[in-house]
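Listing of input_34.txt; format and content: compact mmCIF, C-alpha atoms.
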# COMPACT_ATOMS: atom_id res chain seq x y z
CA MET A 1 33.34 -9.04 -19.37
CA ARG A 2 30.36 -11.36 -19.11
CA ARG A 3 28.12 -8.56 -17.96
CA PRO A 4 27.23 -7.18 -21.42
CA LEU A 5 26.60 -10.72 -22.65
CA ALA A 6 24.47 -11.48 -19.63
CA LEU A 7 22.50 -8.27 -20.13
CA ALA A 8 21.98 -9.09 -23.80
CA LEU A 9 20.82 -12.62 -22.96
CA THR A 10 18.51 -11.31 -20.29
CA ILE A 11 17.06 -8.73 -22.68
CA LEU A 12 16.54 -11.39 -25.36
CA SER A 13 14.86 -13.76 -22.93
CA LEU A 14 12.70 -10.94 -21.61
CA LEU A 15 11.76 -9.85 -25.08
CA ALA A 16 10.58 -13.38 -25.65
CA TRP A 17 8.34 -13.14 -22.58
CA VAL A 18 6.76 -9.90 -21.57
CA GLY A 19 3.66 -10.85 -19.69
CA PRO A 20 1.71 -13.69 -18.23
CA ALA A 21 -1.78 -12.80 -19.32
CA ARG A 22 -1.26 -12.39 -23.04
CA ALA A 23 1.41 -12.40 -25.71
CA ALA A 24 3.18 -9.09 -26.20
CA THR A 25 2.42 -7.18 -29.36
CA ASP A 26 5.23 -6.29 -31.74
CA LYS A 27 4.89 -2.66 -30.64
CA GLU A 28 5.27 -3.56 -26.98
CA VAL A 29 8.34 -5.64 -27.73
CA ALA A 30 9.86 -2.78 -29.72
CA ALA A 31 9.03 -0.28 -26.97
CA ARG A 32 10.65 -2.57 -24.43
CA ALA A 33 13.88 -2.57 -26.38
CA VAL A 34 13.87 1.25 -26.33
CA ALA A 35 13.17 1.38 -22.58
CA LEU A 36 15.91 -1.15 -21.84
CA GLU A 37 18.37 0.77 -23.98
CA LEU A 38 17.71 3.90 -21.94
CA ALA A 39 17.78 2.05 -18.59
CA GLY A 40 21.04 0.42 -19.63
CA ALA A 41 22.75 3.81 -19.28
CA PHE A 42 22.01 3.80 -15.56
CA THR A 43 23.49 0.36 -14.96
CA ASN A 44 26.90 1.86 -15.71
CA ASP A 45 26.47 3.98 -12.59
CA GLY A 46 25.65 1.03 -10.38
CA PHE A 47 21.88 0.99 -10.83
CA LYS A 48 20.36 -2.48 -10.97
CA LEU A 49 17.66 -2.99 -13.54
CA ARG A 50 14.44 -4.62 -12.35
CA ASP A 51 13.44 -7.57 -14.45
CA GLY A 52 9.73 -6.69 -14.41
CA HIS A 53 8.06 -4.12 -16.60
CA TRP A 54 4.75 -2.74 -17.84
CA ALA A 55 4.04 -2.52 -21.57
CA GLY A 56 1.01 -1.34 -23.52
CA THR A 57 -0.10 1.25 -26.04
CA LEU A 58 -0.89 4.92 -25.50
CA ALA A 59 -2.79 7.39 -27.62
CA PRO A 60 -1.67 11.03 -27.74
CA ASN A 61 -2.31 12.79 -24.41
CA GLU A 62 -3.05 9.45 -22.80
CA SER A 63 -1.19 8.25 -19.69
CA ARG A 64 -0.93 5.29 -17.36
CA LEU A 65 -0.18 5.24 -13.65
CA ILE A 66 1.98 2.38 -12.43
CA ALA A 67 2.27 1.64 -8.70
CA VAL A 68 5.68 0.81 -7.24
CA ASN A 69 6.84 0.40 -3.65
CA LEU A 70 10.07 2.23 -2.89
CA TYR A 71 12.46 2.16 0.05
CA ALA A 72 13.89 5.16 1.91
CA GLY A 73 17.62 5.42 1.26
CA ASN A 74 17.54 4.06 -2.29
CA ASP A 75 18.04 5.99 -5.54
CA TYR A 76 15.74 5.15 -8.46
CA TRP A 77 15.49 5.81 -12.18
CA PHE A 78 12.17 5.19 -13.92
CA SER A 79 12.58 4.78 -17.67
CA ALA A 80 10.03 4.64 -20.46
CA GLY A 81 10.53 3.85 -24.12
CA ALA A 82 8.10 4.09 -27.02
CA THR A 83 7.90 3.05 -30.64
CA GLU A 84 8.75 5.54 -33.37
CA GLU A 85 5.17 6.85 -33.63
CA ALA A 86 5.78 8.72 -30.36
CA ARG A 87 7.31 12.18 -30.57
CA HIS A 88 7.41 13.18 -26.91
CA LEU A 89 7.09 10.98 -23.87
CA SER A 90 7.20 12.02 -20.21
CA VAL A 91 7.65 10.28 -16.86
CA GLU A 92 6.42 11.88 -13.61
CA VAL A 93 6.44 10.65 -10.02
CA PHE A 94 3.82 11.07 -7.27
CA ASP A 95 3.99 9.90 -3.69
CA GLU A 96 1.51 7.82 -1.75
CA THR A 97 -0.66 10.85 -0.99
CA GLY A 98 -0.81 11.81 -4.67
CA ALA A 99 1.55 14.76 -4.25
CA PRO A 100 4.00 15.37 -7.12
CA VAL A 101 7.60 14.51 -6.30
CA PRO A 102 10.54 16.58 -7.60
CA THR A 103 12.77 14.48 -9.86
CA GLN A 104 15.63 14.74 -12.25
CA SER A 105 13.99 14.19 -15.59
CA TYR A 106 15.09 13.33 -19.06
CA ASN A 107 13.10 13.44 -22.29
CA SER A 108 14.18 12.79 -25.83
CA GLY A 109 11.54 11.80 -28.36
CA THR A 110 10.74 8.16 -27.76
CA LYS A 111 12.58 8.01 -24.44
CA ALA A 112 11.95 9.57 -21.05
CA ALA A 113 13.18 9.01 -17.51
CA ALA A 114 12.78 10.39 -14.02
CA GLY A 115 15.21 9.89 -11.15
CA LEU A 116 14.98 10.50 -7.43
CA SER A 117 16.40 9.66 -4.00
CA VAL A 118 13.66 8.34 -1.75
CA THR A 119 13.46 9.61 1.82
CA ASN A 120 10.04 8.17 2.74
CA SER A 121 9.29 4.49 2.13
CA GLY A 122 5.93 3.69 0.63
CA GLU A 123 3.89 3.42 -2.50
CA TYR A 124 4.66 5.77 -5.37
CA PHE A 125 2.87 6.30 -8.66
CA ILE A 126 4.75 6.67 -11.90
CA ARG A 127 2.84 8.44 -14.64
CA VAL A 128 3.97 7.58 -18.17
CA ARG A 129 2.40 9.92 -20.69
CA LEU A 130 2.51 10.21 -24.46
CA ASP A 131 2.55 13.99 -24.90
CA GLU A 132 2.97 14.18 -28.67
CA GLY A 133 2.87 11.85 -31.64
CA ASN A 134 0.60 9.07 -32.81
CA ARG A 135 -0.65 5.99 -30.95
CA ALA A 136 2.49 4.13 -29.89
CA GLY A 137 3.72 1.08 -28.02
CA VAL A 138 5.12 2.12 -24.64
CA CYS A 139 7.12 0.25 -22.02
CA PHE A 140 8.13 1.15 -18.46
CA VAL A 141 11.03 -0.29 -16.46
CA TYR A 142 12.94 0.86 -13.40
CA SER A 143 16.38 0.68 -11.82
CA TYR A 144 17.56 1.13 -8.24
CA LYS A 145 20.68 1.34 -6.12
CA MET B 1 24.24 13.68 -3.83
CA PHE B 2 21.82 12.34 -6.41
CA VAL B 3 22.29 15.46 -8.56
CA ARG B 4 26.06 15.05 -8.44
CA LYS B 5 25.70 11.48 -9.67
CA LEU B 6 23.56 12.73 -12.51
CA ALA B 7 26.56 14.59 -13.82
CA VAL B 8 28.16 11.19 -14.30
CA ILE B 9 25.07 9.70 -15.91
CA ALA B 10 24.31 12.57 -18.29
CA PRO B 11 27.04 11.68 -20.79
CA LEU B 12 25.75 8.11 -20.79
CA LEU B 13 22.31 9.37 -21.73
CA TRP B 14 23.76 11.36 -24.56
CA GLY B 15 25.57 8.25 -25.67
CA VAL B 16 22.36 6.23 -25.56
CA THR B 17 20.53 8.75 -27.68
CA GLY B 18 23.31 8.97 -30.19
CA PHE B 19 24.47 12.44 -29.24
CA ALA B 20 28.23 12.77 -29.14
CA SER B 21 28.13 15.80 -26.86
CA PRO B 22 25.61 17.97 -25.05
CA THR B 23 25.99 20.70 -27.67
CA PRO B 24 24.69 21.94 -30.00
CA SER B 25 21.24 22.33 -28.50
CA PRO B 26 18.68 21.03 -28.29
CA SER B 27 20.48 18.19 -26.60
CA PRO B 28 18.82 15.91 -24.10
CA SER B 29 20.08 16.13 -20.56
CA PRO B 30 18.61 15.43 -17.15
CA ARG B 31 16.98 18.44 -15.52
CA ALA B 32 15.13 19.15 -12.31
CA SER B 33 11.42 18.68 -12.72
CA THR B 34 8.21 18.37 -10.71
CA ALA B 35 4.86 17.08 -11.93
CA SER B 36 2.35 19.91 -12.07
CA ALA B 37 -0.63 18.96 -9.92
CA PRO B 38 -1.51 16.34 -7.30
CA LEU B 39 -3.19 13.17 -8.49
CA PRO B 40 -6.97 13.08 -8.12
CA ALA B 41 -8.15 10.27 -5.84
CA GLU B 42 -10.05 8.51 -8.63
CA GLN B 43 -6.86 8.26 -10.69
CA MET B 44 -4.93 6.83 -7.74
CA SER B 45 -7.50 4.06 -7.45
CA GLN B 46 -7.00 3.07 -11.09
CA THR B 47 -3.29 2.41 -11.05
CA ILE B 48 -1.65 -0.56 -12.70
CA LYS B 49 -0.35 -2.99 -10.08
CA LEU B 50 1.77 -5.88 -11.28
CA ASP B 51 3.51 -8.54 -9.21
CA GLU B 52 6.78 -8.07 -11.13
CA VAL B 53 6.84 -4.26 -10.80
CA THR B 54 4.83 -3.37 -7.71
CA ILE B 55 6.52 -5.89 -5.39
CA PRO B 56 10.16 -4.97 -4.76
CA THR B 57 12.86 -7.64 -4.84
CA PRO B 58 14.72 -8.63 -1.66
CA GLY B 59 17.77 -7.05 -3.31
CA GLU B 60 15.99 -3.72 -3.41
CA LEU B 61 15.21 -3.96 0.29
CA PHE B 62 18.79 -4.92 1.14
CA ALA B 63 20.17 -2.06 -0.96
CA ALA B 64 18.39 0.42 1.31
CA LEU B 65 20.31 -0.95 4.32
CA ARG B 66 23.72 -1.16 2.74
CA GLU B 67 24.98 2.37 3.47
CA PRO B 68 23.19 3.34 6.69
CA ALA B 69 23.62 0.03 8.55
CA LYS B 70 26.55 -1.71 6.84
CA PRO B 71 25.14 -5.12 7.83
CA ASP B 72 27.21 -8.21 8.35
CA TRP B 73 25.42 -10.12 5.61
CA ALA B 74 27.33 -13.35 6.21
CA SER B 75 25.79 -13.63 9.66
CA ALA B 76 22.31 -13.34 8.14
CA SER B 77 22.72 -16.56 6.16
CA ARG B 78 20.66 -19.60 7.10
CA GLY B 79 22.06 -23.09 7.18
CA PRO B 80 20.97 -25.64 4.58
CA MET B 81 17.20 -25.98 4.55
CA PRO B 82 14.90 -28.77 3.38
CA ILE B 83 14.08 -28.61 -0.31
CA ASN B 84 11.19 -31.07 -0.43
CA TYR B 85 7.81 -30.32 1.05
CA LYS B 86 4.44 -32.00 0.73
CA THR B 87 2.36 -29.18 -0.68
CA ARG B 88 2.97 -26.93 -3.66
CA ALA B 89 2.05 -23.89 -1.58
CA GLN B 90 4.78 -24.68 0.93
CA ILE B 91 7.32 -25.30 -1.81
CA ALA B 92 6.45 -21.97 -3.46
CA LEU B 93 6.76 -20.03 -0.19
CA ASN B 94 10.10 -21.66 0.59
CA LEU B 95 11.34 -21.15 -2.95
CA GLY B 96 10.72 -17.41 -2.57
CA GLY B 97 12.61 -17.46 0.72
CA LEU B 98 15.47 -19.36 -0.87
CA ILE B 99 15.76 -16.78 -3.63
CA ALA B 100 15.93 -14.08 -0.93
CA ASP B 101 18.76 -16.13 0.62
CA GLY B 102 20.47 -15.90 -2.74
CA PHE B 103 20.32 -12.10 -2.53
CA ILE B 104 21.79 -12.28 0.99
CA ALA B 105 24.66 -14.45 -0.23
CA VAL B 106 25.28 -11.95 -3.03
CA GLU B 107 25.40 -9.09 -0.51
CA ALA B 108 27.85 -11.19 1.55
CA GLN B 109 29.80 -11.90 -1.66
CA ASP B 110 29.93 -15.55 -0.64
CA THR B 111 30.69 -17.49 -3.80
CA GLN B 112 30.10 -20.97 -2.40
CA GLN B 113 26.86 -20.00 -0.69
CA VAL B 114 25.54 -18.45 -3.93
CA LYS B 115 26.39 -21.65 -5.80
CA ASN B 116 24.74 -23.83 -3.15
CA ILE B 117 21.59 -21.72 -3.19
CA GLY B 118 21.53 -21.68 -6.99
CA ALA B 119 21.62 -25.49 -6.97
CA ASP B 120 18.90 -25.66 -4.31
CA ILE B 121 16.67 -23.28 -6.29
CA VAL B 122 16.85 -25.64 -9.26
CA LYS B 123 16.13 -28.67 -7.07
CA MET B 124 13.21 -26.99 -5.31
CA ALA B 125 11.78 -25.76 -8.60
CA LYS B 126 11.82 -29.40 -9.74
CA GLY B 127 9.19 -30.05 -7.11
CA LEU B 128 6.98 -27.58 -8.92
CA GLY B 129 7.75 -28.94 -12.36
CA VAL B 130 9.57 -25.86 -13.62
CA SER B 131 13.17 -27.03 -13.51
CA GLU B 132 13.68 -27.30 -17.28
CA SER B 133 13.32 -23.60 -17.82
CA ILE B 134 15.63 -22.59 -15.03
CA LEU B 135 18.44 -25.11 -15.46
CA ALA B 136 20.26 -22.61 -17.62
CA ARG B 137 19.72 -19.92 -14.97
CA GLY B 138 21.28 -22.23 -12.37
CA ASN B 139 24.34 -22.58 -14.58
CA SER B 140 24.54 -18.82 -15.07
CA ILE B 141 24.36 -18.24 -11.31
CA ASN B 142 27.30 -20.62 -10.89
CA GLN B 143 29.35 -18.88 -13.55
CA PHE B 144 28.67 -15.37 -12.27
CA ALA B 145 29.45 -16.46 -8.70
CA GLU B 146 32.76 -17.98 -9.77
CA SER B 147 33.76 -14.76 -11.48
CA ASP B 148 32.52 -12.53 -8.61
CA GLU B 149 30.02 -10.67 -10.80
CA TRP B 150 27.86 -9.60 -7.88
CA ALA B 151 25.83 -6.90 -9.62
CA THR B 152 24.96 -9.27 -12.45
CA LEU B 153 24.03 -11.95 -9.93
CA GLN B 154 21.37 -9.70 -8.39
CA GLU B 155 19.74 -9.28 -11.78
CA GLU B 156 20.15 -12.97 -12.53
CA LEU B 157 18.42 -13.96 -9.29
CA GLU B 158 15.44 -11.77 -10.07
CA ALA B 159 15.37 -13.08 -13.63
CA THR B 160 15.41 -16.62 -12.21
CA GLN B 161 12.51 -15.81 -9.94
CA ASN B 162 10.54 -14.33 -12.83
CA GLU B 163 11.31 -17.32 -15.01
CA VAL B 164 9.96 -19.63 -12.32
CA LYS B 165 6.82 -17.47 -12.12
CA ALA B 166 6.45 -17.42 -15.89
CA SER B 167 6.66 -21.19 -15.94
CA MET B 168 4.03 -21.40 -13.21
CA GLN B 169 1.72 -19.21 -15.25
CA THR B 170 2.30 -21.30 -18.34
CA HIS B 171 1.41 -24.41 -16.36
CA ARG B 172 -1.71 -22.76 -14.94
CA ASP B 173 -0.15 -22.52 -11.50
CA GLN B 174 -0.98 -18.82 -11.26
CA ASP B 175 -1.80 -19.16 -7.56
CA LEU B 176 1.77 -20.06 -6.73
CA VAL B 177 3.22 -16.87 -8.21
CA ILE B 178 2.20 -14.59 -5.35
CA LEU B 179 3.41 -17.20 -2.85
CA VAL B 180 6.92 -17.07 -4.32
CA SER B 181 6.92 -13.26 -4.05
CA LEU B 182 5.53 -13.47 -0.54
CA GLY B 183 8.13 -16.00 0.58
CA GLY B 184 10.86 -13.65 -0.63
CA TRP B 185 9.30 -10.67 1.11
CA ILE B 186 8.96 -12.53 4.42
CA ARG B 187 12.55 -13.75 4.43
CA GLY B 188 13.90 -10.36 3.31
CA THR B 189 11.88 -8.58 5.98
CA GLN B 190 13.08 -11.01 8.64
CA VAL B 191 16.71 -10.19 7.85
CA VAL B 192 16.19 -6.44 7.49
CA SER B 193 14.07 -6.06 10.61
CA SER B 194 16.74 -7.93 12.57
CA VAL B 195 19.46 -5.55 11.31
CA VAL B 196 17.27 -2.48 11.91
CA ALA B 197 16.50 -3.63 15.46
CA LYS B 198 20.21 -3.97 16.21
CA ASN B 199 21.10 -0.56 14.76
CA TYR B 200 17.83 1.29 15.31
CA ASN B 201 17.36 4.92 14.37
CA GLU B 202 14.37 6.72 12.85
CA ASN B 203 15.77 6.61 9.32
CA LEU B 204 16.23 2.85 9.46
CA GLY B 205 12.73 2.53 10.87
CA GLN B 206 11.51 4.22 7.68
CA ILE B 207 12.73 1.36 5.49
CA LEU B 208 10.23 -1.08 6.95
CA ARG B 209 7.15 1.09 6.43
CA GLN B 210 5.24 -0.78 3.68
CA PRO B 211 1.45 -0.65 4.23
CA LYS B 212 0.39 -0.55 0.58
CA LEU B 213 2.76 -3.37 -0.32
CA LEU B 214 1.25 -5.61 2.36
CA HIS B 215 -2.23 -4.61 1.27
CA PHE B 216 -1.39 -5.53 -2.34
CA ILE B 217 0.10 -8.90 -1.37
CA ARG B 218 -2.92 -9.73 0.79
CA SER B 219 -5.32 -8.72 -1.98
CA LYS B 220 -3.49 -11.10 -4.34
CA ILE B 221 -3.77 -13.91 -1.82
CA GLY B 222 -7.47 -13.12 -1.63
CA GLN B 223 -7.67 -13.84 -5.36
CA VAL B 224 -6.16 -17.34 -5.33
CA SER B 225 -8.37 -20.38 -5.81
CA PRO B 226 -10.55 -21.56 -2.90
CA ASP B 227 -8.44 -24.73 -2.69
CA MET B 228 -5.29 -22.69 -2.20
CA GLN B 229 -6.97 -20.35 0.26
CA ASN B 230 -8.00 -23.37 2.30
CA ASP B 231 -4.46 -24.72 2.42
CA PRO B 232 -3.70 -24.71 6.17
CA LEU B 233 -0.32 -23.02 5.70
CA VAL B 234 -1.72 -20.33 3.40
CA LYS B 235 -4.49 -19.67 5.93
CA LYS B 236 -1.97 -19.29 8.76
CA VAL B 237 0.28 -17.06 6.71
CA ASP B 238 -2.59 -14.83 5.60
CA ALA B 239 -3.86 -14.44 9.15
CA GLN B 240 -0.39 -13.49 10.35
CA LEU B 241 0.03 -11.05 7.45
CA GLY B 242 -3.06 -9.23 8.69
CA GLU B 243 -1.24 -8.55 11.95
CA ILE B 244 1.95 -7.58 10.15
CA GLU B 245 0.03 -5.14 7.94
CA LYS B 246 -1.07 -3.30 11.08
CA ILE B 247 2.53 -3.04 12.31
CA VAL B 248 3.95 -1.59 9.08
CA SER B 249 1.04 0.79 8.49
CA THR B 250 2.48 3.97 9.93
CA PRO B 251 1.49 7.29 8.28
CA PHE B 252 3.43 8.33 5.19
CA GLY B 253 6.69 9.96 6.32
CA LYS B 254 6.75 8.22 9.70
CA GLY B 255 8.92 5.16 10.18
CA LEU B 256 8.42 2.22 12.51
CA SER B 257 9.38 2.70 16.16
CA PHE B 258 11.95 0.45 17.80
CA ASP B 259 9.17 -1.55 19.45
CA GLU B 260 7.34 -1.93 16.16
CA VAL B 261 10.51 -3.16 14.46
CA LYS B 262 10.98 -5.77 17.17
CA LYS B 263 7.35 -6.82 16.90
CA LEU B 264 7.67 -7.09 13.14
CA ASN B 265 10.81 -9.19 13.44
CA ALA B 266 9.10 -11.55 15.89
CA SER B 267 6.08 -11.91 13.57
CA VAL B 268 8.05 -12.67 10.41
CA THR B 269 10.34 -15.05 12.32
CA THR B 270 7.26 -16.97 13.47
CA LEU B 271 6.08 -17.04 9.87
CA ILE B 272 9.42 -18.36 8.63
CA GLN B 273 9.26 -21.14 11.20
CA GLU B 274 5.78 -22.08 10.02
CA ILE B 275 6.82 -22.01 6.40
CA GLN B 276 9.93 -24.11 6.97
CA LYS B 277 8.27 -26.63 9.26
CA LYS B 278 8.16 -30.14 7.85
CA GLU B 279 5.16 -32.26 8.71
CA LYS B 280 6.07 -35.54 10.35
Target encoding structure tokens, full file:
Amino acid sequence: MRRPLALALTILSLLAWVGPARAATDKEVAARAVALELAGAFTNDGFKLRDGHWAGTLAPNESRLIAVNLYAGNDYWFSAGATEEARHLSVEVFDETGAPVPTQSYNSGTKAAAGLSVTNSGEYFIRVRLDEGNRAGVCFVYSYK
Amino acid sequence: MFVRKLAVIAPLLWGVTGFASPTPSPSPSPRASTASAPLPAEQMSQTIKLDEVTIPTPGELFAALREPAKPDWASASRGPMPINYKTRAQIALNLGGLIADGFIAVEAQDTQQVKNIGADIVKMAKGLGVSESILARGNSINQFAESDEWATLQEELEATQNEVKASMQTHRDQDLVILVSLGGWIRGTQVVSSVVAKNYNENLGQILRQPKLLHFIRSKIGQVSPDMQNDPLVKKVDAQLGEIEKIVSTPFGKGLSFDEVKKLNASVTTLIQEIQKKEK
């Protein structure tokens, strides 16, 4: 029963600190809440949410590539959330060679996710893209099991 | 397997987005998808790499072993280790290793060991001047351990590690951050390479293939202050990491051989001994 409370406390403490180099903007904090809400759905299926994240702003048709190192045998969900200015967000995965990786994907307005089972350990690139809407705060988190 | 699990997750996604059911359309639901074109090389060189996202936690590494090797996690535990060292670099490296020990104790579901390690993390962090911010985390670790909330404990351990790092950054101890991550990676790799060596097959050898991760960690060490780079222990560790990077740099899709796993285990074990060694 403490788990929801712990998650809420963790989210609150994380919202209070989202990066070492600079203070988070209000948009980044809001986007983080959206990303964590989406990622929270996966924790019910045994996925553990990573504490780290990337947050920033994206203009329409702009994207960012985030590098992660994944282990063969694990399942992953990569989740992105955006502020209300976004209308369509997407998350895509590429392997270490730059080749696109098939995923299960989910998109709904300000939220998007991609999930996969990894068979080859190594570096992967997650592309978070604002496909439609106005300049928005965007946040990326991931879960594994 | 993953697709079947998605069937379980899909209703959760609908719940998250406020949809009571998948109909009427258009309702959001997971679907198979592939990005359209390969990434151009110049884009791959401009990726965002962050310590807290790009470096996996020990828990993530251990999760990959859970099903295929079913390790005896209790036997991977270390006995009590010193918590006071002379240099901040050595404390940071050992603190990272201690947090990895916390993940091992969680895998072993050893309540007392988790509590002991939680207390040691707080004590060791005191040596770096960050204990105030993690005292509450230490209490949480105790509570979750007492109520056997193992999944929550994994997240709590990572949150504790990040809180320590955040405190280091606040106190302009940026150089120590990568050492905490590195200490955790070394200890996690020691345990996993030992299990893989005992149960070797090609799939398990895949888990330890991490060339880009090692390259990233070494590049971060290359960015620390000259004083820190000249720390004798940091110098030794960095030199040894160069050798380890060669071992884990197999081509994408090819795991480490049995001999490479054994070599890796020997290298990280030597590193652990160096890191733990107390000067007389």
Using all atoms listed in the file, which protein or nucleic acid residues come within 12 Å of Leu214 (chain B)? Drop anything in the same chain fewer than 6 positions from it, and give the result as a ChimeraX atom specification.
/A:69,122-123 /B:54-56,178,181-182,185-186,189,208,220-221,238,240-249
Return as a compact mmCIF listing (two decimals) with C-alpha atoms, in the coordinates of the input the residues belonging to chain A that are within 7 Å of chain B, counting only C-alpha atoms.
# COMPACT_ATOMS: atom_id res chain seq x y z
CA ARG A 3 28.12 -8.56 -17.96
CA PRO A 20 1.71 -13.69 -18.23
CA GLU A 37 18.37 0.77 -23.98
CA LEU A 38 17.71 3.90 -21.94
CA ALA A 41 22.75 3.81 -19.28
CA PHE A 42 22.01 3.80 -15.56
CA ASP A 45 26.47 3.98 -12.59
CA LYS A 48 20.36 -2.48 -10.97
CA LEU A 49 17.66 -2.99 -13.54
CA ASP A 51 13.44 -7.57 -14.45
CA GLY A 52 9.73 -6.69 -14.41
CA HIS A 53 8.06 -4.12 -16.60
CA LEU A 65 -0.18 5.24 -13.65
CA ILE A 66 1.98 2.38 -12.43
CA ALA A 67 2.27 1.64 -8.70
CA VAL A 68 5.68 0.81 -7.24
CA ASN A 69 6.84 0.40 -3.65
CA TYR A 71 12.46 2.16 0.05
CA ALA A 72 13.89 5.16 1.91
CA GLY A 73 17.62 5.42 1.26
CA ASN A 74 17.54 4.06 -2.29
CA GLU A 92 6.42 11.88 -13.61
CA VAL A 93 6.44 10.65 -10.02
CA GLY A 98 -0.81 11.81 -4.67
CA ALA A 99 1.55 14.76 -4.25
CA PRO A 100 4.00 15.37 -7.12
CA VAL A 101 7.60 14.51 -6.30
CA PRO A 102 10.54 16.58 -7.60
CA THR A 103 12.77 14.48 -9.86
CA GLN A 104 15.63 14.74 -12.25
CA SER A 105 13.99 14.19 -15.59
CA TYR A 106 15.09 13.33 -19.06
CA ASN A 107 13.10 13.44 -22.29
CA SER A 108 14.18 12.79 -25.83
CA SER A 117 16.40 9.66 -4.00
CA ASN A 120 10.04 8.17 2.74
CA SER A 121 9.29 4.49 2.13
CA GLY A 122 5.93 3.69 0.63
CA GLU A 123 3.89 3.42 -2.50
CA LYS A 145 20.68 1.34 -6.12
Which residues come within 7 Å of region 258-261 of chain B, counting all atoms listed in the file, excluding same-chain residues fewer than 4 positions away, as a PDB file with C-alpha atoms, in the frame of the given file?
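Result file follows (part_4.pdb):
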ATOM      1  CA  SER B 193      14.070  -6.060  10.610  1.00  0.00           C
ATOM      2  CA  ALA B 197      16.500  -3.630  15.460  1.00  0.00           C
ATOM      3  CA  TYR B 200      17.830   1.290  15.310  1.00  0.00           C
ATOM      4  CA  ILE B 247       2.530  -3.040  12.310  1.00  0.00           C
ATOM      5  CA  ASN B 265      10.810  -9.190  13.440  1.00  0.00           C
TER       6      ASN B 265
END
Would you mind listing what lies within 7 Å of region 118-127 of chain B as a ChimeraX atom specification, with only C-alpha atoms counted and same-chain residues fewer than 5 positions away left out?
/B:83-84,95,98,134-135,138,141
If I take CA of Val195 (chain B) and CA of Leu256 (chain B), how far is one from the other in Å, to one decimal?
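CA of Leu256 (chain B) lies at a distance of 13.6 Å from CA of Val195 (chain B).
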Surrounding residues of region 77-85 of chain A excluding itself and chain neighbours under 2 positions, 6 Å, only C-alpha atoms, as a list in words
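The neighbour list is Ala31, Val34, Ala35, Ala39, Thr110, Lys111, Ala112, Ala113, Ala114, Gly115, Gly133, Asn134, Ala136, Gly137, Val138, Cys139, Phe140, Val141, Tyr142 and Ser143 of chain A.
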Starting from the point (2.1, 8.2, -4.0), work out which residues of protein, DNA or RNA have an atom no more than 6 Å away when counting all atoms listed in the file; state them as a VMD selection string.
chain A and resid 94 to 98 123 to 125
Expected file contents, prior selection, C-alpha atoms, as a PDB file, keeping the file's coordinate frame:
ATOM      1  CA  PHE A  94       3.820  11.070  -7.270  1.00  0.00           C
ATOM      2  CA  ASP A  95       3.990   9.900  -3.690  1.00  0.00           C
ATOM      3  CA  GLU A  96       1.510   7.820  -1.750  1.00  0.00           C
ATOM      4  CA  THR A  97      -0.660  10.850  -0.990  1.00  0.00           C
ATOM      5  CA  GLY A  98      -0.810  11.810  -4.670  1.00  0.00           C
ATOM      6  CA  GLU A 123       3.890   3.420  -2.500  1.00  0.00           C
ATOM      7  CA  TYR A 124       4.660   5.770  -5.370  1.00  0.00           C
ATOM      8  CA  PHE A 125       2.870   6.300  -8.660  1.00  0.00           C
TER       9      PHE A 125
END
Kindly indicate which residue among B:Thr111, B:Asn142, B:Thr87, B:Gln223 lies nearest to Leu128 (chain B), using all atoms listed in the file for the distances.
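With all atoms listed in the file as the atom set, the closest residue is B:Thr87.
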Tell me, in Å to one decimal, how far CA of Val164 (chain B) is from CA of Ala92 (chain B).
9.8 Å
Would you mind listing what lies within 12 Å of Pro232 (chain B) as an mmCIF file with C-alpha atoms, in the frame of the given file, with all atoms listed in the file counted and same-chain residues fewer than 6 positions away left out?
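File written: around20.cif
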data_model
loop_
_atom_site.group_PDB
_atom_site.id
_atom_site.type_symbol
_atom_site.label_atom_id
_atom_site.label_comp_id
_atom_site.auth_asym_id
_atom_site.auth_seq_id
_atom_site.Cartn_x
_atom_site.Cartn_y
_atom_site.Cartn_z
ATOM 1 C CA THR B 87 2.360 -29.180 -0.680
ATOM 2 C CA ALA B 89 2.050 -23.890 -1.580
ATOM 3 C CA GLN B 90 4.780 -24.680 0.930
ATOM 4 C CA PRO B 226 -10.550 -21.560 -2.900
ATOM 5 C CA ASP B 238 -2.590 -14.830 5.600
ATOM 6 C CA ALA B 239 -3.860 -14.440 9.150
ATOM 7 C CA GLU B 274 5.780 -22.080 10.020
ATOM 8 C CA ILE B 275 6.820 -22.010 6.400
ATOM 9 C CA GLU B 279 5.160 -32.260 8.710
#
Would you work out the distance separating CA of Ile126 (chain A) from CA of Glu202 (chain B), expressed in Å to one decimal?
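CA of Ile126 (chain A) sits 26.6 Å away from CA of Glu202 (chain B).
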Using only C-alpha atoms for the distances, tell me which of B:Tyr85, B:Val106, B:Leu93, B:Glu42 is nearest to Val234 (chain B).
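Counting only C-alpha atoms, the residue closest to Val234 (chain B) is B:Leu93.
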